[in-house]
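Notes follow once the structure below has been shown.
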Amino acid sequence: MIRAALHRDPAKRPTAAVLADRLARLARASEPAPAEGGRGAGRVRRTVRPGRTARAHHTARPGRPERTPRPGRTDHAPRVGPAGRTARPETSASAAEAAADAKVDAPPRLGLPRGSGTLLVLALLAVPCVVVSLVYPLTTFVITGTLAVLARALWSGHWLVRRRESARMRALLRVVTFPLTLAGSLVSAVAWPGLPAGAAAFATLWLTAGARLEPEWWTQAVPVTVAGVAFGVVTGAIIGREVERVGARVPGLRREGLRALAVLGGFVAVCATAVRAVAFFV
């Protein structure tokens with residue numbers, strides 16, 4: 001085929017169509033056969049019919065000169081679209097590349113992430129609570145119960161207005177109904193988590209005091225503080241579970257701050273216990 005293409009006599013050289021057809025046949029013959037049962041097993045390769053070979057090859061007729069292509073132009077050249085247009089990539093691949101480019105090109109965000117401001121405020125609030133718990137051990141239970149009631153009142157307000165479409169209306173209704181939700185949370189907290197948390201605190205106090213209670217047991221700082229830890233752990237676990245379940249149905253609920261508020265009472269009790277332990281050993 002190469003010799004025929006380089007023949008001195010132009011009349012004996014094959015046309016561009018013949019060369020393209022033979023190169024296509026050679027490429028198809030060099031392709032590996034598809035595996036059985038694979039993706040290309042059911043495909044049937046199209047072959048050229050015998051009656052169409054003469055028209056496909058464009059053989060020269062006797063007595064008519066051979067048409068020669070213009071310089072810089074070839075027969076059956078693939079059409080090129082307008083400048084700047086390329087083949088359309090797959091949607092998923094292009095979307096992934098665009099997202100990756102956006103992440104790379106996006107400037108880094110400054111400031112605290114969402115919920116860190118609330119955690120900072122609660123951490124600052126824990127300091128005076130620890131001091132008060134060291135001076136008056138029974139206030140550990142009051143602090144834990146107050147924070148649990150407040151956390152329940154907050155998520156209850158979000159739950160009541162979850163079906164309102166306007167953000168301003170939701171905020172207004174939460175403010176208006178806050179006294180009612182706070183009262184309802186206080187009444188419900190007496191039974192749950194008040195009863196299980198109180199039982200755990202009493203058992204811890206009884207064991208820490210040596211399986212007996214003194215007539216003035218509330219003056220014993222260490223057993224009362226340890227019982228406050230048990231009370232705070234049980235209360236924080238129950239309220240935190242409620243926040244998680246409600247947060248799955250209320251997308252706008254900031255669960256990080258409410259969880260921190262729920263466990264803050266137990267954290268205060270743990271800090272007070274640690275301070276007393278350090279003072280005892282030192």
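We label chains A, B, ... in the order they appear in the structure tokens, count residues from 1 in each chain, and number ligands from 1 in the order shown.
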I need the residues of range 91-247 of chain A that end up classed as alpha helix (DSSP H) by DSSP on the backbone, written out as a PyMOL selection string.
chain A and resi 91-105+116-135+139-160+167-176+178-191+194-208+221-247
Find the spatial neighbours of Trp206 in chain A, counting only C-alpha atoms, within a cut-off of 12 Å - ignore same-chain residues fewer than 4 positions away - and output them as a list in words.
Ala199, Ala200, Ala201, Phe202, Gly210, Ala211, Arg212, Leu213, Glu214, Trp217, Trp218, Gln220, Val222, Pro223, Val224, Val226 and Ala227 of chain A
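Residue nearest Pro251 in chain A within the list A:Arg163, A:Arg276, A:Arg168, A:Arg22: A:Arg163 [criterion: smallest interatomic distance, only C-alpha atoms].
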Spatial neighbours of Val130 in chain A, max dist 6 Å, only C-alpha atoms, sep filter under 2 positions, as an MDAnalysis selection string:
chainID A and resid 127:128 132:133 268 272
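The residue that comes closest to Gly247 in chain A, out of A:Leu186, A:Leu154, A:Leu264, A:Val176 and on the basis of only C-alpha atoms, is A:Leu154.
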Residue neighbourhood Val234 in chain A, 9 Å, only C-alpha atoms, exclusion window fewer than 5 positions, as number ranges by chain
A: 193, 196-198, 200-201, 229, 239, 266
Contact residues around range 120-124 of chain A with only C-alpha atoms at 10 Å, ignoring same-chain residues under 5 positions, as a VMD selection string
chain A and resid 115 129 257 260 to 261 264 267 to 268
Would you output that residue set with N, CA, C and O atoms, as an mmCIF file, in the first residue's frame?
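See part_10.cif below for the written result:
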data_model
loop_
_atom_site.group_PDB
_atom_site.id
_atom_site.type_symbol
_atom_site.label_atom_id
_atom_site.label_comp_id
_atom_site.auth_asym_id
_atom_site.auth_seq_id
_atom_site.Cartn_x
_atom_site.Cartn_y
_atom_site.Cartn_z
ATOM 1 N N GLY A 115 -21.260 27.742 65.821
ATOM 2 C CA GLY A 115 -21.405 27.116 67.123
ATOM 3 C C GLY A 115 -20.265 27.403 68.082
ATOM 4 O O GLY A 115 -20.404 27.188 69.274
ATOM 5 N N CYS A 129 -19.873 29.280 87.747
ATOM 6 C CA CYS A 129 -20.664 28.143 88.250
ATOM 7 C C CYS A 129 -19.804 27.188 89.061
ATOM 8 O O CYS A 129 -20.249 26.646 90.094
ATOM 9 N N GLY A 257 -24.812 24.068 70.231
ATOM 10 C CA GLY A 257 -24.995 24.883 71.436
ATOM 11 C C GLY A 257 -25.920 24.248 72.451
ATOM 12 O O GLY A 257 -25.673 24.325 73.665
ATOM 13 N N ALA A 260 -24.114 21.433 74.238
ATOM 14 C CA ALA A 260 -23.174 21.985 75.219
ATOM 15 C C ALA A 260 -23.910 22.513 76.441
ATOM 16 O O ALA A 260 -23.448 22.367 77.580
ATOM 17 N N LEU A 261 -25.062 23.118 76.217
ATOM 18 C CA LEU A 261 -25.858 23.617 77.340
ATOM 19 C C LEU A 261 -26.372 22.477 78.212
ATOM 20 O O LEU A 261 -26.466 22.602 79.441
ATOM 21 N N LEU A 264 -23.421 21.069 80.313
ATOM 22 C CA LEU A 264 -22.634 22.029 81.080
ATOM 23 C C LEU A 264 -22.745 21.787 82.581
ATOM 24 O O LEU A 264 -21.777 21.987 83.324
ATOM 25 N N PHE A 267 -20.372 19.135 83.475
ATOM 26 C CA PHE A 267 -19.008 19.655 83.358
ATOM 27 C C PHE A 267 -18.630 20.490 84.567
ATOM 28 O O PHE A 267 -17.504 20.404 85.088
ATOM 29 N N VAL A 268 -19.566 21.291 85.042
ATOM 30 C CA VAL A 268 -19.317 22.093 86.245
ATOM 31 C C VAL A 268 -19.062 21.189 87.444
ATOM 32 O O VAL A 268 -18.138 21.427 88.250
#
Measuring between only C-alpha atoms, which one of A:Gly228, A:Leu253, A:Gly194, A:Leu19 shows the shortest distance to Arg162 in chain A?
A:Leu253
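Here CA of Cys271 in chain A and CA of Arg254 in chain A stand 25.6 Å from one another.
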Distance CA of Phe281 in chain A-CA of Thr140 in chain A, one decimal place?
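Those two atoms sit 22.3 Å apart.
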